[in-house]
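J.: Hey, dropping structure.cif in here, mmCIF, C-alpha atoms:
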```cif
data_upload
loop_
_atom_site.group_PDB
_atom_site.id
_atom_site.type_symbol
_atom_site.label_atom_id
_atom_site.label_comp_id
_atom_site.auth_asym_id
_atom_site.auth_seq_id
_atom_site.Cartn_x
_atom_site.Cartn_y
_atom_site.Cartn_z
ATOM 1 C CA MET A 21 0.000 0.000 0.000
ATOM 2 C CA ASP A 22 2.940 2.352 0.631
ATOM 3 C CA LYS A 23 4.086 2.050 -2.981
ATOM 4 C CA LYS A 24 0.658 3.013 -4.219
ATOM 5 C CA ASN A 25 0.504 6.103 -1.986
ATOM 6 C CA ALA A 26 4.030 7.125 -2.966
ATOM 7 C CA LEU A 27 3.185 6.764 -6.651
ATOM 8 C CA ARG A 28 0.008 8.782 -6.191
ATOM 9 C CA ALA A 29 1.871 11.540 -4.326
ATOM 10 C CA GLY A 30 4.608 11.627 -6.968
ATOM 11 C CA ALA A 31 2.078 11.836 -9.786
ATOM 12 C CA LEU A 32 0.226 14.633 -8.014
ATOM 13 C CA ALA A 33 3.435 16.587 -7.405
ATOM 14 C CA ALA A 34 4.594 16.120 -11.000
ATOM 15 C CA GLY A 35 1.192 17.112 -12.371
ATOM 16 C CA THR A 36 1.021 20.200 -10.204
ATOM 17 C CA THR A 37 4.547 21.239 -11.206
ATOM 18 C CA LEU A 38 3.799 20.700 -14.880
ATOM 19 C CA MET A 39 0.601 22.737 -14.685
ATOM 20 C CA MET A 40 2.391 25.589 -12.908
ATOM 21 C CA LEU A 41 5.110 25.615 -15.577
ATOM 22 C CA LEU A 42 2.577 25.617 -18.388
ATOM 23 C CA MET A 43 0.416 28.333 -16.823
ATOM 24 C CA SER A 44 3.275 30.712 -16.023
ATOM 25 C CA SER A 45 4.525 33.074 -18.681
ATOM 26 C CA PRO A 46 8.080 34.261 -18.025
ATOM 27 C CA ALA A 47 8.248 35.951 -21.448
ATOM 28 C CA LEU A 48 5.924 38.669 -20.166
ATOM 29 C CA ALA A 49 8.598 39.743 -17.702
ATOM 30 C CA ALA A 50 10.631 41.205 -20.593
ATOM 31 C CA ILE A 51 7.869 43.680 -21.495
ATOM 32 C CA ARG A 52 8.252 47.004 -19.718
ATOM 33 C CA ASP A 53 5.137 48.506 -18.154
ATOM 34 C CA ASP A 54 4.108 52.140 -18.478
ATOM 35 C CA GLY A 55 5.716 54.157 -15.716
ATOM 36 C CA ASP A 56 8.305 51.473 -15.021
ATOM 37 C CA ASP A 57 11.445 53.170 -13.753
ATOM 38 C CA PRO A 58 13.947 50.617 -12.425
ATOM 39 C CA GLY A 59 16.872 51.925 -10.459
ATOM 40 C CA LYS A 60 20.503 51.019 -10.855
ATOM 41 C CA GLY A 61 21.540 47.507 -9.857
ATOM 42 C CA LEU A 62 23.324 46.566 -6.657
ATOM 43 C CA SER A 63 27.017 45.772 -6.622
ATOM 44 C CA VAL A 64 28.290 42.510 -5.128
ATOM 45 C CA ILE A 65 29.336 44.291 -1.924
ATOM 46 C CA ASP A 66 25.936 45.988 -1.617
ATOM 47 C CA THR A 67 24.137 42.687 -2.169
ATOM 48 C CA LEU A 68 26.248 40.820 0.393
ATOM 49 C CA GLY A 69 25.822 43.627 2.893
ATOM 50 C CA LEU A 70 22.073 43.782 2.439
ATOM 51 C CA TYR A 71 21.262 40.067 2.305
ATOM 52 C CA VAL A 72 24.047 38.530 4.433
ATOM 53 C CA ALA A 73 25.644 41.031 6.798
ATOM 54 C CA ALA A 74 22.521 42.965 7.811
ATOM 55 C CA PRO A 75 20.527 39.863 8.877
ATOM 56 C CA LEU A 76 23.540 38.506 10.792
ATOM 57 C CA VAL A 77 23.989 41.810 12.623
ATOM 58 C CA LEU A 78 20.270 41.994 13.374
ATOM 59 C CA PHE A 79 20.325 38.421 14.705
ATOM 60 C CA ALA A 80 23.359 39.205 16.886
ATOM 61 C CA VAL A 81 21.706 42.333 18.316
ATOM 62 C CA ILE A 82 18.480 40.492 19.146
ATOM 63 C CA ALA A 83 20.356 37.534 20.659
ATOM 64 C CA GLY A 84 22.524 39.911 22.705
ATOM 65 C CA LEU A 85 19.494 41.779 24.016
ATOM 66 C CA VAL A 86 17.811 38.519 24.981
ATOM 67 C CA MET A 87 20.913 37.340 26.863
ATOM 68 C CA VAL A 88 21.470 40.671 28.613
ATOM 69 C CA LEU A 89 17.844 41.143 29.611
ATOM 70 C CA ASP A 90 17.300 37.511 30.651
ATOM 71 C CA LYS A 91 16.189 37.388 34.273
ATOM 72 C CA SER A 92 15.877 33.630 34.730
ATOM 73 C CA HIS A 93 19.385 33.299 36.186
ATOM 74 C CA LYS A 94 18.462 35.724 39.002
ATOM 75 C CA GLN A 95 15.738 33.480 40.391
ATOM 76 C CA GLN A 96 16.669 31.920 43.700
ATOM 77 C CA LYS A 97 15.622 28.525 44.976
ATOM 78 C CA GLN A 98 12.890 28.623 47.543
ATOM 79 C CA SER A 99 13.088 26.013 50.286
#
```
Written as structure tokens, that's how I'd like the structure from this file.
T.:
Amino acid sequence: MDKKNALRAGALAAGTTLMMLLMSSPALAAIRDDGDDPGKGLSVIDTLGLYVAAPLVLFAVIAGLVMVLDKSHKQQKQS
């Protein structure tokens, strides 16, 4: 029975993927719209800073604030 379910799931996934590929139209992305005014592209350094360094810095700041403001270590045992 597991083979039958796996085959059914694979066929469903393949059919869904095929339908999505057939329904999408990437060629329309080349046509510029009225009022379209794209800016200049990002350099490699800008891209790495925006998508790698900035999230890492934000994560470090949030983690640091959580560790500094954590009050669970100040709880004393009650006997």
J.: Provide the atom CA of A:Leu78 to atom CA of A:Asp66 distance in Å, to one decimal place.
T.: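 Calculated distance between atom CA of A:Leu78 and atom CA of A:Asp66 is 16.5 Å.
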J.: Mind pulling up the distance from atom CA of A:Lys24 to atom CA of A:Leu41?
T.: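 Pair atom CA of A:Leu41 / atom CA of A:Lys24 returns 25.7 Å.
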J.: In Å, rounded to a single decimal, give me how far atom CA of A:Leu85 is from atom CA of A:Gly69.
T.: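 Going from atom CA of A:Gly69 over to atom CA of A:Leu85 covers 22.1 Å.
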J.: Rebuild N, CA and C atoms on stretch 46-80 of chain A, as a compact mmCIF listing (two decimals), in the frame of the given file?
T.:
```txt
# COMPACT_ATOMS: atom_id res chain seq x y z
N PRO A 46 6.92 33.43 -18.34
CA PRO A 46 8.08 34.26 -18.02
C PRO A 46 8.42 35.25 -19.13
N ALA A 47 7.94 35.04 -20.35
CA ALA A 47 8.25 35.95 -21.45
C ALA A 47 7.63 37.32 -21.21
N LEU A 48 6.55 37.38 -20.44
CA LEU A 48 5.92 38.67 -20.17
C LEU A 48 6.77 39.54 -19.26
N ALA A 49 7.75 38.96 -18.59
CA ALA A 49 8.60 39.74 -17.70
C ALA A 49 9.52 40.67 -18.49
N ALA A 50 9.75 40.38 -19.78
CA ALA A 50 10.63 41.20 -20.59
C ALA A 50 9.94 42.47 -21.08
N ILE A 51 8.61 42.52 -21.01
CA ILE A 51 7.87 43.68 -21.50
C ILE A 51 7.82 44.73 -20.39
N ARG A 52 8.26 45.92 -20.70
CA ARG A 52 8.25 47.00 -19.72
C ARG A 52 6.86 47.59 -19.60
N ASP A 53 6.43 47.89 -18.40
CA ASP A 53 5.14 48.51 -18.15
C ASP A 53 5.25 50.02 -18.25
N ASP A 54 4.13 50.68 -18.48
CA ASP A 54 4.11 52.14 -18.48
C ASP A 54 4.45 52.64 -17.08
N GLY A 55 5.32 53.60 -17.00
CA GLY A 55 5.72 54.16 -15.72
C GLY A 55 6.77 53.35 -15.00
N ASP A 56 7.27 52.30 -15.63
CA ASP A 56 8.30 51.47 -15.02
C ASP A 56 9.62 52.24 -15.03
N ASP A 57 10.20 52.41 -13.86
CA ASP A 57 11.44 53.17 -13.75
C ASP A 57 12.40 52.44 -12.82
N PRO A 58 13.04 51.37 -13.30
CA PRO A 58 13.95 50.62 -12.42
C PRO A 58 15.19 51.43 -12.08
N GLY A 59 15.66 51.24 -10.89
CA GLY A 59 16.87 51.92 -10.46
C GLY A 59 18.11 51.18 -10.89
N LYS A 60 19.26 51.70 -10.49
CA LYS A 60 20.50 51.02 -10.86
C LYS A 60 20.64 49.75 -10.03
N GLY A 61 21.36 48.78 -10.54
CA GLY A 61 21.54 47.51 -9.86
C GLY A 61 22.47 47.62 -8.67
N LEU A 62 22.44 46.61 -7.82
CA LEU A 62 23.32 46.57 -6.66
C LEU A 62 24.65 45.92 -7.04
N SER A 63 25.72 46.41 -6.43
CA SER A 63 27.02 45.77 -6.62
C SER A 63 27.08 44.52 -5.75
N VAL A 64 28.13 43.73 -5.92
CA VAL A 64 28.29 42.51 -5.13
C VAL A 64 28.41 42.85 -3.65
N ILE A 65 29.16 43.89 -3.33
CA ILE A 65 29.34 44.29 -1.92
C ILE A 65 28.01 44.76 -1.33
N ASP A 66 27.25 45.53 -2.10
CA ASP A 66 25.94 45.99 -1.62
C ASP A 66 25.00 44.81 -1.38
N THR A 67 25.01 43.86 -2.30
CA THR A 67 24.14 42.69 -2.17
C THR A 67 24.51 41.85 -0.95
N LEU A 68 25.81 41.60 -0.77
CA LEU A 68 26.25 40.82 0.39
C LEU A 68 25.95 41.56 1.69
N GLY A 69 26.12 42.86 1.69
CA GLY A 69 25.82 43.63 2.89
C GLY A 69 24.35 43.60 3.23
N LEU A 70 23.51 43.71 2.21
CA LEU A 70 22.07 43.78 2.44
C LEU A 70 21.47 42.43 2.80
N TYR A 71 21.91 41.36 2.13
CA TYR A 71 21.26 40.07 2.31
C TYR A 71 22.04 39.09 3.18
N VAL A 72 23.27 39.42 3.57
CA VAL A 72 24.05 38.53 4.43
C VAL A 72 24.43 39.24 5.73
N ALA A 73 25.13 40.36 5.61
CA ALA A 73 25.64 41.03 6.80
C ALA A 73 24.54 41.65 7.66
N ALA A 74 23.59 42.31 7.03
CA ALA A 74 22.52 42.96 7.81
C ALA A 74 21.69 41.96 8.61
N PRO A 75 21.26 40.83 8.04
CA PRO A 75 20.53 39.86 8.88
C PRO A 75 21.38 39.27 10.00
N LEU A 76 22.67 39.04 9.74
CA LEU A 76 23.54 38.51 10.79
C LEU A 76 23.71 39.51 11.93
N VAL A 77 23.87 40.77 11.59
CA VAL A 77 23.99 41.81 12.62
C VAL A 77 22.69 41.94 13.40
N LEU A 78 21.56 41.91 12.70
CA LEU A 78 20.27 41.99 13.37
C LEU A 78 20.06 40.81 14.31
N PHE A 79 20.43 39.61 13.86
CA PHE A 79 20.32 38.42 14.70
C PHE A 79 21.21 38.56 15.94
N ALA A 80 22.44 39.05 15.76
CA ALA A 80 23.36 39.20 16.89
C ALA A 80 22.83 40.22 17.90
```
